[in-house]
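Novice: TSV, C-alpha atoms, saved as final_3.tsv, coming up:
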chain	number	residue	atom	x	y	z
Z	180	MET	CA	17.47	93.66	139.75
Z	181	ALA	CA	16.89	95.20	143.18
Z	182	ASP	CA	16.77	98.97	143.73
Z	183	ASP	CA	20.38	98.97	144.90
Z	184	GLY	CA	21.51	97.21	141.70
Z	185	ARG	CA	21.92	93.73	143.21
Z	186	ARG	CA	20.40	90.78	141.39
Z	187	VAL	CA	17.36	89.30	143.15
Z	188	VAL	CA	17.33	85.51	143.39
Z	189	PHE	CA	14.14	83.71	144.32
Z	190	PRO	CA	14.05	80.14	145.64
Z	191	PRO	CA	13.20	77.69	142.84
Z	192	MET	CA	9.58	76.62	142.46
Z	193	GLY	CA	8.24	73.31	141.18
Z	194	ARG	CA	4.97	72.55	139.38
Z	195	VAL	CA	2.47	70.04	140.74
Z	196	ARG	CA	-0.41	68.58	138.72
Z	197	VAL	CA	-3.02	66.37	140.24
Z	198	ARG	CA	-5.96	64.63	138.59
Z	199	LEU	CA	-8.84	64.03	141.00
Z	200	HIS	CA	-11.85	61.87	140.33
Z	201	GLY	CA	-14.57	59.89	142.08
Z	202	LYS	CA	-14.58	59.88	145.88
Z	203	THR	CA	-11.25	61.72	146.18
Z	204	ARG	CA	-12.61	64.58	144.11
Z	205	ARG	CA	-15.83	64.75	146.16
Z	206	ASP	CA	-13.94	64.62	149.49
Z	207	PHE	CA	-11.46	67.23	148.28
Z	208	GLU	CA	-14.16	69.62	147.12
Z	209	ALA	CA	-16.13	69.23	150.35
Z	210	LEU	CA	-13.02	69.98	152.42
Z	211	ILE	CA	-11.92	73.07	150.49
Z	212	ARG	CA	-15.50	74.40	150.57
Z	213	GLU	CA	-15.66	73.94	154.36
Z	214	ARG	CA	-12.28	75.57	154.89
Z	215	GLY	CA	-12.71	78.36	152.33
Z	216	TRP	CA	-9.57	77.36	150.41
Z	217	THR	CA	-9.08	77.62	146.67
Z	218	ALA	CA	-8.41	74.33	144.86
Z	219	GLU	CA	-4.72	75.29	144.44
Z	220	GLU	CA	-4.42	76.15	148.14
Z	221	GLY	CA	-6.18	72.91	149.00
Z	222	VAL	CA	-3.62	70.85	147.06
Z	223	LYS	CA	-0.66	72.69	148.63
Z	224	ILE	CA	-2.04	72.49	152.17
Z	225	LEU	CA	-2.90	68.80	151.89
Z	226	LEU	CA	0.51	67.94	150.45
Z	227	GLY	CA	2.05	69.92	153.31
Z	228	TYR	CA	-0.17	68.00	155.71
Z	229	ALA	CA	1.09	64.72	154.32
Z	230	ALA	CA	4.69	65.92	154.79
Z	231	ALA	CA	3.97	67.05	158.38
Z	232	LEU	CA	2.36	63.68	159.17
Z	233	ALA	CA	5.36	61.82	157.79
Z	234	ARG	CA	7.64	63.64	160.25
Z	235	ALA	CA	5.40	63.05	163.30
Z	236	ASP	CA	6.98	59.75	164.36
Z	237	ARG	CA	10.51	61.13	164.20
Z	238	LEU	CA	9.87	64.04	166.59
Z	239	SER	CA	10.05	64.09	170.37
Z	240	ALA	CA	7.46	66.10	172.36
Z	241	GLU	CA	10.09	68.81	172.80
Z	242	ASP	CA	10.86	68.89	169.04
Z	243	ARG	CA	7.15	69.20	168.26
Z	244	ARG	CA	6.79	72.22	170.51
Z	245	HIS	CA	9.85	73.84	168.98
Z	246	GLU	CA	8.73	73.05	165.45
Z	247	LEU	CA	5.27	74.48	166.14
Z	248	GLY	CA	6.76	77.68	167.57
Z	249	ALA	CA	9.14	78.11	164.64
Z	250	ALA	CA	6.38	77.37	162.11
Z	251	ARG	CA	4.07	79.93	163.70
Z	252	GLY	CA	6.84	82.53	163.57
Z	253	GLU	CA	7.62	81.80	159.94
Z	254	LEU	CA	3.94	81.85	159.03
Z	255	ALA	CA	3.52	85.31	160.61
Z	256	VAL	CA	6.55	86.62	158.70
Z	257	LEU	CA	5.31	85.11	155.42
Z	258	ARG	CA	1.86	86.63	155.88
Z	259	HIS	CA	3.43	90.02	156.48
Z	260	ARG	CA	5.67	89.64	153.41
Z	261	ALA	CA	2.71	88.60	151.26
Z	262	PHE	CA	0.71	91.57	152.53
Z	263	MET	CA	3.60	93.94	151.76
Z	264	ALA	CA	4.05	92.43	148.28
Z	265	ASP	CA	0.32	92.72	147.51
Z	266	ASP	CA	0.30	96.29	148.77
Z	267	ALA	CA	3.37	97.18	146.68
Z	268	MET	CA	1.74	95.56	143.64
Z	269	ARG	CA	-1.30	97.80	143.99
Z	270	THR	CA	0.96	100.87	143.92
Z	271	LEU	CA	3.11	99.50	141.09
Z	272	THR	CA	0.02	98.66	139.03
Z	273	MET	CA	-1.14	102.27	139.45
Z	274	ASN	CA	2.34	103.43	138.36
Z	275	VAL	CA	2.21	101.21	135.27
Z	276	THR	CA	-1.22	102.60	134.36
Z	277	GLY	CA	-0.03	106.16	134.91
Z	278	PHE	CA	3.15	105.77	132.85
Z	279	GLU	CA	1.30	103.96	130.05
Z	280	LYS	CA	-1.29	106.75	129.83
Z	281	SER	CA	1.42	109.37	129.89
Z	282	LEU	CA	3.38	107.57	127.13
Z	283	GLU	CA	0.17	107.32	125.08
Z	284	GLN	CA	-0.20	111.07	125.46
Z	285	PHE	CA	3.40	111.60	124.31
Z	286	GLU	CA	2.63	109.47	121.24
Z	287	LYS	CA	-0.02	112.04	120.34
Z	288	THR	CA	1.87	115.17	121.41
Z	289	LEU	CA	5.27	114.53	119.87
Z	290	PRO	CA	4.08	114.26	116.22
Z	291	ARG	CA	2.12	117.50	116.76
Z	292	LEU	CA	5.24	119.25	118.09
Z	293	ASP	CA	7.28	117.86	115.16
Z	294	ARG	CA	4.69	119.22	112.73
Z	295	GLN	CA	4.70	122.63	114.44
Z	296	GLU	CA	8.49	122.70	114.29
Z	297	ARG	CA	8.47	121.93	110.54
Z	298	GLU	CA	5.90	124.67	109.92
Z	299	LEU	CA	7.86	127.25	111.91
Z	300	ARG	CA	11.10	126.31	110.12
Z	301	ALA	CA	9.36	126.73	106.76
Z	302	ARG	CA	8.02	130.11	107.91
Z	303	LEU	CA	11.47	131.17	109.07
Z	304	ASP	CA	13.00	130.11	105.75
Z	305	GLU	CA	10.39	132.21	103.91
Z	306	LEU	CA	11.20	135.24	106.06
Z	307	VAL	CA	14.96	134.82	105.75
Z	308	THR	CA	14.63	134.50	101.96
Z	309	GLU	CA	12.47	137.63	101.93
Z	310	ALA	CA	15.04	139.51	104.04
Z	311	ALA	CA	17.84	138.41	101.68
Z	312	ARG	CA	15.79	139.52	98.67
Z	313	ARG	CA	15.48	142.98	100.23
Z	314	GLY	CA	19.10	143.07	101.34
Z	315	ILE	CA	18.25	143.28	105.03
Z	316	ALA	CA	20.90	141.83	107.31
Z	317	ILE	CA	19.54	139.54	110.03
Z	318	ALA	CA	21.39	139.36	113.35
Z	319	PRO	CA	22.56	135.82	114.19
Z	320	GLU	CA	20.56	133.84	116.72
Z	321	ASP	CA	21.65	133.86	120.35
Z	322	PRO	CA	21.12	130.26	121.41
Z	323	GLU	CA	21.50	131.01	125.12
Z	324	THR	CA	18.71	133.56	125.35
Z	325	SER	CA	15.77	132.25	127.33
Z	326	PRO	CA	12.65	134.37	127.73
Z	327	ILE	CA	11.94	132.73	131.11
Z	328	PRO	CA	14.16	133.88	134.02
Z	329	HIS	CA	16.35	131.06	135.36
Z	330	ARG	CA	15.25	131.70	138.91
Z	331	PHE	CA	11.66	131.04	137.91
Z	332	LEU	CA	12.66	127.88	136.03
Z	333	ASP	CA	14.55	126.62	139.08
Z	334	PHE	CA	11.52	127.24	141.27
Z	335	TYR	CA	9.27	125.50	138.75
Z	336	ARG	CA	11.51	122.43	138.53
Z	337	ARG	CA	11.94	122.18	142.28
Z	338	HIS	CA	8.35	122.66	143.37
Z	339	VAL	CA	6.10	121.85	140.47
Z	340	ARG	CA	7.74	119.14	138.42
Z	341	GLU	CA	9.26	116.97	141.16
S	194	MET	CA	-19.39	65.04	131.50
S	195	SER	CA	-15.94	64.00	132.76
S	196	ASP	CA	-15.63	63.21	136.45
S	197	HIS	CA	-11.99	64.32	136.41
S	198	ARG	CA	-10.67	67.54	137.80
S	199	LEU	CA	-7.13	68.57	136.95
S	200	ILE	CA	-5.50	71.05	139.32
S	201	ALA	CA	-2.11	72.59	138.63
S	202	THR	CA	-0.24	74.56	141.23
S	203	GLU	CA	3.31	75.20	142.39
S	204	LEU	CA	5.32	74.63	145.53
S	205	LEU	CA	8.77	75.65	146.62
S	206	ALA	CA	11.22	73.10	145.21
S	207	ASP	CA	12.43	72.37	148.78
S	208	ASP	CA	8.88	71.54	149.93
S	209	LEU	CA	8.30	69.47	146.82
S	210	ARG	CA	11.43	67.45	147.66
S	211	ASP	CA	9.87	66.55	151.03
S	212	VAL	CA	6.69	65.39	149.31
S	213	GLY	CA	8.42	63.30	146.62
S	214	PRO	CA	9.33	60.28	148.81
S	215	LEU	CA	5.75	60.13	150.13
S	216	LEU	CA	4.19	59.51	146.70
S	217	PRO	CA	2.98	55.92	146.25
S	218	ALA	CA	4.51	53.78	143.51
S	219	GLY	CA	3.12	54.14	140.00
S	220	ALA	CA	3.83	55.55	136.58
S	221	ASP	CA	1.44	58.48	136.42
S	222	ASP	CA	2.55	61.43	138.59
S	223	GLU	CA	-0.90	63.07	138.52
S	224	ASP	CA	-2.49	59.89	139.78
S	225	ARG	CA	0.20	59.24	142.41
S	226	THR	CA	-0.29	62.78	143.74
S	227	ALA	CA	-4.06	62.20	143.85
S	228	GLN	CA	-3.51	59.04	145.94
S	229	LEU	CA	-1.31	60.98	148.38
S	230	LEU	CA	-3.95	63.70	148.52
S	231	ALA	CA	-6.65	61.12	149.30
S	232	ARG	CA	-4.55	59.83	152.21
S	233	ALA	CA	-3.98	63.39	153.43
S	234	ILE	CA	-7.72	64.17	153.33
S	235	GLU	CA	-8.41	61.02	155.33
S	236	ALA	CA	-5.77	61.95	157.93
S	237	PHE	CA	-7.01	65.53	158.06
S	238	ARG	CA	-10.58	64.37	158.79
S	239	ARG	CA	-9.33	61.90	161.39
S	240	ASP	CA	-7.33	64.66	163.07
S	241	GLU	CA	-10.38	66.96	163.08
S	242	THR	CA	-12.22	64.31	165.07
S	243	ALA	CA	-9.21	63.85	167.36
S	244	TRP	CA	-9.14	67.61	167.96
S	245	GLU	CA	-12.81	67.61	168.94
S	246	ALA	CA	-11.99	64.91	171.48
S	247	VAL	CA	-9.09	66.74	173.17
S	248	ALA	CA	-9.98	70.41	172.63
S	249	HIS	CA	-11.51	70.84	176.10
S	250	ARG	CA	-9.11	68.61	177.98
S	251	CYS	CA	-6.12	69.99	179.87
S	252	ASP	CA	-4.24	66.83	180.93
S	253	PRO	CA	-0.64	66.34	179.69
S	254	GLU	CA	-1.65	63.69	177.16
S	255	ALA	CA	-4.31	65.95	175.64
S	256	GLU	CA	-1.89	68.91	175.60
S	257	ALA	CA	0.70	66.83	173.75
S	258	MET	CA	-1.94	65.75	171.24
S	259	LYS	CA	-3.11	69.32	170.75
S	260	THR	CA	0.47	70.49	170.15
S	261	GLU	CA	0.98	67.77	167.54
S	262	LEU	CA	-2.31	68.54	165.76
S	263	LYS	CA	-1.52	72.25	165.71
S	264	ARG	CA	1.97	71.48	164.42
S	265	ARG	CA	0.58	69.45	161.52
S	266	GLU	CA	-1.89	72.13	160.52
S	267	THR	CA	0.62	74.97	160.86
S	268	MET	CA	3.27	73.08	158.85
S	269	ALA	CA	0.68	72.45	156.13
S	270	LEU	CA	-0.36	76.11	156.00
S	271	LEU	CA	3.31	77.05	155.90
S	272	VAL	CA	3.90	74.99	152.73
S	273	SER	CA	1.04	76.83	151.02
S	274	MET	CA	2.04	80.24	152.37
S	275	ARG	CA	5.69	79.88	151.30
S	276	ALA	CA	4.66	79.29	147.69
S	277	ARG	CA	2.06	82.05	147.76
S	278	THR	CA	4.47	84.60	149.27
S	279	ILE	CA	7.32	83.83	146.90
S	280	ARG	CA	4.94	83.97	143.91
S	281	SER	CA	3.64	87.39	145.09
S	282	GLU	CA	7.19	88.67	145.58
S	283	MET	CA	8.19	87.42	142.10
S	284	GLU	CA	5.20	89.22	140.58
S	285	MET	CA	6.00	92.35	142.57
S	286	HIS	CA	9.58	92.21	141.33
S	287	ALA	CA	8.49	91.76	137.70
S	288	LEU	CA	6.08	94.66	138.05
S	289	GLY	CA	8.86	96.78	139.57
S	290	GLU	CA	11.04	96.01	136.54
S	291	ARG	CA	8.18	97.01	134.24
S	292	VAL	CA	7.76	100.29	136.13
S	293	ARG	CA	11.49	100.99	135.81
S	294	GLU	CA	11.34	100.35	132.04
S	295	LEU	CA	8.31	102.61	131.65
S	296	GLN	CA	9.95	105.27	133.80
S	297	ALA	CA	13.02	105.26	131.50
S	298	GLN	CA	10.80	105.45	128.39
S	299	HIS	CA	8.81	108.24	130.00
S	300	ALA	CA	11.96	110.23	130.86
S	301	ALA	CA	13.21	109.85	127.26
S	302	GLN	CA	9.89	110.97	125.78
S	303	ARG	CA	9.66	113.88	128.21
S	304	ALA	CA	13.18	114.97	127.28
S	305	ARG	CA	12.19	114.76	123.58
S	306	ALA	CA	9.05	116.84	124.20
S	307	GLU	CA	11.01	119.44	126.21
S	308	ALA	CA	13.65	119.66	123.45
S	309	ARG	CA	10.87	120.19	120.88
S	310	GLN	CA	9.25	122.88	123.06
S	311	ALA	CA	12.60	124.64	123.46
S	312	SER	CA	13.16	124.44	119.70
S	313	LEU	CA	9.68	125.89	119.07
S	314	ARG	CA	10.39	128.76	121.47
S	315	ARG	CA	13.70	129.47	119.72
S	316	LEU	CA	12.05	129.40	116.28
S	317	ARG	CA	9.25	131.74	117.41
S	318	ARG	CA	11.79	134.21	118.81
S	319	ARG	CA	13.81	134.00	115.61
S	320	ILE	CA	10.71	134.53	113.45
S	321	ALA	CA	9.72	137.55	115.57
S	322	ALA	CA	13.24	138.97	115.19
S	323	VAL	CA	13.25	138.52	111.41
S	324	GLU	CA	9.72	139.93	111.11
S	325	SER	CA	10.79	142.94	113.15
S	326	ALA	CA	13.85	143.45	110.94
S	327	LEU	CA	11.67	143.23	107.84
S	328	ALA	CA	9.24	145.82	109.23
S	329	GLY	CA	12.11	148.01	110.50
S	330	PRO	CA	13.18	151.60	109.68
S	331	GLY	CA	13.39	150.77	106.00
S	332	GLY	CA	9.71	151.78	105.79
S	333	PRO	CA	6.50	149.82	105.50
S	334	VAL	CA	7.18	146.29	104.58
S	335	GLU	CA	5.10	144.02	102.47
S	336	ALA	CA	4.29	141.02	104.62
S	337	PRO	CA	5.72	137.84	103.20
S	338	VAL	CA	3.21	135.32	101.96
S	339	ARG	CA	2.18	133.03	104.74
S	340	SER	CA	-0.48	130.47	105.15
S	341	ALA	CA	-3.25	132.01	107.23
S	342	SER	CA	-4.39	130.33	110.38
S	343	PHE	CA	-8.01	129.39	110.87
S	344	LEU	CA	-8.66	132.47	113.00
S	345	GLY	CA	-6.78	134.67	110.50
S	346	ARG	CA	-8.91	133.43	107.61
S	347	LEU	CA	-12.08	133.91	109.65
S	348	TRP	CA	-11.07	137.46	110.59
S	349	ARG	CA	-10.31	138.37	107.00
S	350	ARG	CA	-13.61	136.92	105.78
S	351	ARG	CA	-15.54	138.94	108.40
S	352	GLY	CA	-13.64	142.11	107.46
What does this structure look like when you write it as structure tokens?
Specialist:
Amino acid sequence: MADDGRRVVFPPMGRVRVRLHGKTRRDFEALIRERGWTAEEGVKILLGYAAALARADRLSAEDRRHELGAARGELAVLRHRAFMADDAMRTLTMNVTGFEKSLEQFEKTLPRLDRQERELRARLDELVTEAARRGIAIAPEDPETSPIPHRFLDFYRRHVRE
Amino acid sequence: MSDHRLIATELLADDLRDVGPLLPAGADDEDRTAQLLARAIEAFRRDETAWEAVAHRCDPEAEAMKTELKRRETMALLVSMRARTIRSEMEMHALGERVRELQAQHAAQRARAEARQASLRRLRRRIAAVESALAGPGGPVEAPVRSASFLGRLWRRRG
């Protein structure tokens, strides 16, 4: 799902498997070494080369120029998109690490807070029982009372937490 | 040691459709693709030599040849780059989804922790109020039995 809630649809991809041996393997490995391609890139580029060759006879000189211009434009756009995606992935990976660490911390903190809450409730029960035993009336709790002024909380939320 | 090398990769389905009719006849797809690759390597090497021959020439025939050779190479790079870009964008998208999930989990856990903290504050205030009532004008009050903290026990032992 995209950020604006729309579903993202990617063009379909297809798998290619190739088994190289003998001279073809040696020629392939020499070429990718020379060009600095990975084996996967080498296969894709060479298959693309075969497709480009197959079209050569069907194109006029004018068509070739146009096709070259369009291909260069598309290549520049794709390189930019790949760069942006890689860059975004670096940031997203850092976010994942940060959130995972933070969630790990919550896994440790929350049981401790639960335990503290149980202990304080037990303590309160003891005190309330003691007060009842002595016949001392306890004023009911005011749930709205906060010891921290709201203005300070607002400032804290606005400038520190966000 | 086996002389074989198996390489698996992916292409855009549209690009793969262009390659399909070029595969030589045969039953084994991996082998047919290898044969096409062998032909492509041969053509690529031949075109490298052709480029060397026309690179420094400026006549119309050489210019037309250079355009065609550049077109072939750029189209080939494009096939690879399309697959690489789409794969990167798919991974980026999946990672974005993962971040959104973690963000939601994080917000829920933070809300839980804040609720616990608020509850602890309320309980402490309530305990202080009850303790104050117990110690109130009714005179000195016997402290209710409570489990001593580590520091409390240490202090008592020192005293």
Novice: Write out as CSV a residue-level contact list of chain S versus chain Z with cut-off 7 Å: for each qualifying residue the closest pair of atoms and the distance in Å to one decimal, counting only C-alpha atoms, rows sorted by chain and residue number upward.
Specialist:
residue,atom,partner,partner_atom,distance
S:Asp196,CA,Z:His200,CA,5.6
S:His197,CA,Z:His200,CA,4.6
S:Arg198,CA,Z:Leu199,CA,5.1
S:Leu199,CA,Z:Arg198,CA,4.4
S:Ile200,CA,Z:Val197,CA,5.4
S:Ala201,CA,Z:Arg196,CA,4.4
S:Thr202,CA,Z:Val195,CA,5.3
S:Glu203,CA,Z:Arg194,CA,4.3
S:Leu204,CA,Z:Gly193,CA,5.4
S:Leu205,CA,Z:Met192,CA,4.3
S:Ala206,CA,Z:Met192,CA,4.8
S:Leu209,CA,Z:Gly193,CA,6.8
S:Asp211,CA,Z:Ala230,CA,6.4
S:Val212,CA,Z:Ala230,CA,5.9
S:Glu223,CA,Z:Val197,CA,4.3
S:Asp224,CA,Z:Arg198,CA,6.0
S:Thr226,CA,Z:Val197,CA,5.7
S:Ala227,CA,Z:Val197,CA,5.6
S:Leu230,CA,Z:Leu225,CA,6.2
S:Ala231,CA,Z:Thr203,CA,5.6
S:Ala233,CA,Z:Ala229,CA,5.3
S:Ile234,CA,Z:Leu225,CA,6.8
S:Ala257,CA,Z:Ala240,CA,6.9
S:Thr260,CA,Z:Arg244,CA,6.6
S:Glu261,CA,Z:Arg243,CA,6.4
S:Arg264,CA,Z:Leu247,CA,4.8
S:Arg265,CA,Z:Ala231,CA,5.2
S:Glu266,CA,Z:Tyr228,CA,6.6
S:Thr267,CA,Z:Ala250,CA,6.4
S:Met268,CA,Z:Ala231,CA,6.1
S:Ala269,CA,Z:Gly227,CA,4.0
S:Leu270,CA,Z:Ile224,CA,5.5
S:Leu271,CA,Z:Leu254,CA,5.8
S:Val272,CA,Z:Gly227,CA,5.4
S:Ser273,CA,Z:Lys223,CA,5.1
S:Met274,CA,Z:Leu257,CA,6.6
S:Arg275,CA,Z:Leu257,CA,6.7
S:Thr278,CA,Z:Ala261,CA,4.8
S:Ser281,CA,Z:Ala264,CA,6.0
S:Glu282,CA,Z:Ala264,CA,5.6
S:Met285,CA,Z:Met268,CA,5.4
S:Leu288,CA,Z:Leu271,CA,6.4
S:Gly289,CA,Z:Leu271,CA,6.5
S:Val292,CA,Z:Val275,CA,5.7
S:Leu295,CA,Z:Phe278,CA,6.2
S:Gln296,CA,Z:Phe278,CA,6.9
S:His299,CA,Z:Leu282,CA,6.2
S:Gln302,CA,Z:Phe285,CA,6.7
S:Ala306,CA,Z:Leu289,CA,6.2
S:Arg309,CA,Z:Leu292,CA,6.4
S:Leu313,CA,Z:Glu296,CA,5.9
S:Leu316,CA,Z:Leu299,CA,6.4
S:Arg319,CA,Z:Glu320,CA,6.8
S:Ile320,CA,Z:Leu303,CA,5.6
S:Val323,CA,Z:Ile317,CA,6.5
S:Ala326,CA,Z:Ile317,CA,7.0
S:Leu327,CA,Z:Ala310,CA,6.3
S:Pro337,CA,Z:Leu306,CA,6.7
Novice: Can you work out the spacing between CA of Arg238 (chain S) and CA of Lys259 (chain S) in Å, to one decimal?
Specialist: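 Separating CA of Arg238 (chain S) from CA of Lys259 (chain S) is a distance of 14.9 Å.
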Novice: Do you have the CA of Ala301 (chain S)-CA of Arg291 (chain Z) distance handy?
Specialist: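 Here the two named atoms are 17.1 Å from each other.
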Novice: Just to confirm, what's the straight-line distance from CA of Glu256 (chain S) to CA of Arg212 (chain Z) in Å (one decimal)?
Specialist: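 Between these atoms lies a distance of 29.0 Å.
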Novice: Kindly indicate which residue among S:Leu262, S:Gln310, S:His286, S:Ala304 lies nearest to Val247 (chain S), using all atoms listed in the file for the distances.
Specialist: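 The answer is S:Leu262, which sits nearest to Val247 (chain S).
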Novice: Return the padded bounding box of region 239-242 of chain Z as JSON: axis-aligned, built from all atoms listed in the file, 6 Å added on each side, with centre and edge lengths in Å to one decimal.
Specialist:
{"center_x": 9.2, "center_y": 66.5, "center_z": 170.9, "size_x": 15.4, "size_y": 16.8, "size_z": 15.8}
Novice: Output requested as a PDB file, in the frame of the given file - region 213-232 of chain S, filled out with N, CA and C atoms.
Specialist:
ATOM      1  N   GLY S 213       8.046  64.340 147.589  1.00  0.00           N
ATOM      2  CA  GLY S 213       8.420  63.300 146.620  1.00  0.00           C
ATOM      3  C   GLY S 213       8.471  61.894 147.181  1.00  0.00           C
ATOM      4  N   PRO S 214       9.228  61.647 148.285  1.00  0.00           N
ATOM      5  CA  PRO S 214       9.330  60.280 148.810  1.00  0.00           C
ATOM      6  C   PRO S 214       8.018  59.719 149.344  1.00  0.00           C
ATOM      7  N   LEU S 215       7.028  60.590 149.566  1.00  0.00           N
ATOM      8  CA  LEU S 215       5.750  60.130 150.130  1.00  0.00           C
ATOM      9  C   LEU S 215       4.793  59.618 149.058  1.00  0.00           C
ATOM     10  N   LEU S 216       5.092  59.913 147.781  1.00  0.00           N
ATOM     11  CA  LEU S 216       4.190  59.510 146.700  1.00  0.00           C
ATOM     12  C   LEU S 216       4.196  57.986 146.560  1.00  0.00           C
ATOM     13  N   PRO S 217       3.019  57.377 146.426  1.00  0.00           N
ATOM     14  CA  PRO S 217       2.980  55.920 146.250  1.00  0.00           C
ATOM     15  C   PRO S 217       3.575  55.527 144.900  1.00  0.00           C
ATOM     16  N   ALA S 218       3.900  54.257 144.761  1.00  0.00           N
ATOM     17  CA  ALA S 218       4.510  53.780 143.510  1.00  0.00           C
ATOM     18  C   ALA S 218       3.501  53.880 142.368  1.00  0.00           C
ATOM     19  N   GLY S 219       3.989  54.043 141.174  1.00  0.00           N
ATOM     20  CA  GLY S 219       3.120  54.140 140.000  1.00  0.00           C
ATOM     21  C   GLY S 219       3.794  54.938 138.916  1.00  0.00           C
ATOM     22  N   ALA S 220       3.188  54.902 137.717  1.00  0.00           N
ATOM     23  CA  ALA S 220       3.830  55.550 136.580  1.00  0.00           C
ATOM     24  C   ALA S 220       3.323  56.981 136.379  1.00  0.00           C
ATOM     25  N   ASP S 221       2.055  57.203 136.719  1.00  0.00           N
ATOM     26  CA  ASP S 221       1.440  58.480 136.420  1.00  0.00           C
ATOM     27  C   ASP S 221       1.552  59.434 137.634  1.00  0.00           C
ATOM     28  N   ASP S 222       2.312  60.501 137.483  1.00  0.00           N
ATOM     29  CA  ASP S 222       2.550  61.430 138.590  1.00  0.00           C
ATOM     30  C   ASP S 222       1.251  62.086 139.086  1.00  0.00           C
ATOM     31  N   GLU S 223       0.371  62.411 138.135  1.00  0.00           N
ATOM     32  CA  GLU S 223      -0.900  63.070 138.520  1.00  0.00           C
ATOM     33  C   GLU S 223      -1.734  62.136 139.387  1.00  0.00           C
ATOM     34  N   ASP S 224      -1.714  60.874 139.044  1.00  0.00           N
ATOM     35  CA  ASP S 224      -2.490  59.890 139.780  1.00  0.00           C
ATOM     36  C   ASP S 224      -1.839  59.582 141.138  1.00  0.00           C
ATOM     37  N   ARG S 225      -0.518  59.509 141.143  1.00  0.00           N
ATOM     38  CA  ARG S 225       0.200  59.240 142.410  1.00  0.00           C
ATOM     39  C   ARG S 225      -0.046  60.390 143.389  1.00  0.00           C
ATOM     40  N   THR S 226      -0.037  61.614 142.874  1.00  0.00           N
ATOM     41  CA  THR S 226      -0.290  62.780 143.740  1.00  0.00           C
ATOM     42  C   THR S 226      -1.721  62.732 144.267  1.00  0.00           C
ATOM     43  N   ALA S 227      -2.657  62.300 143.413  1.00  0.00           N
ATOM     44  CA  ALA S 227      -4.060  62.200 143.850  1.00  0.00           C
ATOM     45  C   ALA S 227      -4.188  61.183 144.977  1.00  0.00           C
ATOM     46  N   GLN S 228      -3.437  60.073 144.872  1.00  0.00           N
ATOM     47  CA  GLN S 228      -3.510  59.040 145.940  1.00  0.00           C
ATOM     48  C   GLN S 228      -2.969  59.606 147.258  1.00  0.00           C
ATOM     49  N   LEU S 229      -1.877  60.369 147.164  1.00  0.00           N
ATOM     50  CA  LEU S 229      -1.310  60.980 148.380  1.00  0.00           C
ATOM     51  C   LEU S 229      -2.307  61.980 148.979  1.00  0.00           C
ATOM     52  N   LEU S 230      -2.964  62.719 148.090  1.00  0.00           N
ATOM     53  CA  LEU S 230      -3.950  63.700 148.520  1.00  0.00           C
ATOM     54  C   LEU S 230      -5.114  63.011 149.239  1.00  0.00           C
ATOM     55  N   ALA S 231      -5.546  61.870 148.691  1.00  0.00           N
ATOM     56  CA  ALA S 231      -6.650  61.120 149.300  1.00  0.00           C
ATOM     57  C   ALA S 231      -6.263  60.683 150.724  1.00  0.00           C
ATOM     58  N   ARG S 232      -5.005  60.254 150.871  1.00  0.00           N
ATOM     59  CA  ARG S 232      -4.550  59.830 152.210  1.00  0.00           C
ATOM     60  C   ARG S 232      -4.488  61.025 153.157  1.00  0.00           C
TER      61      ARG S 232
END
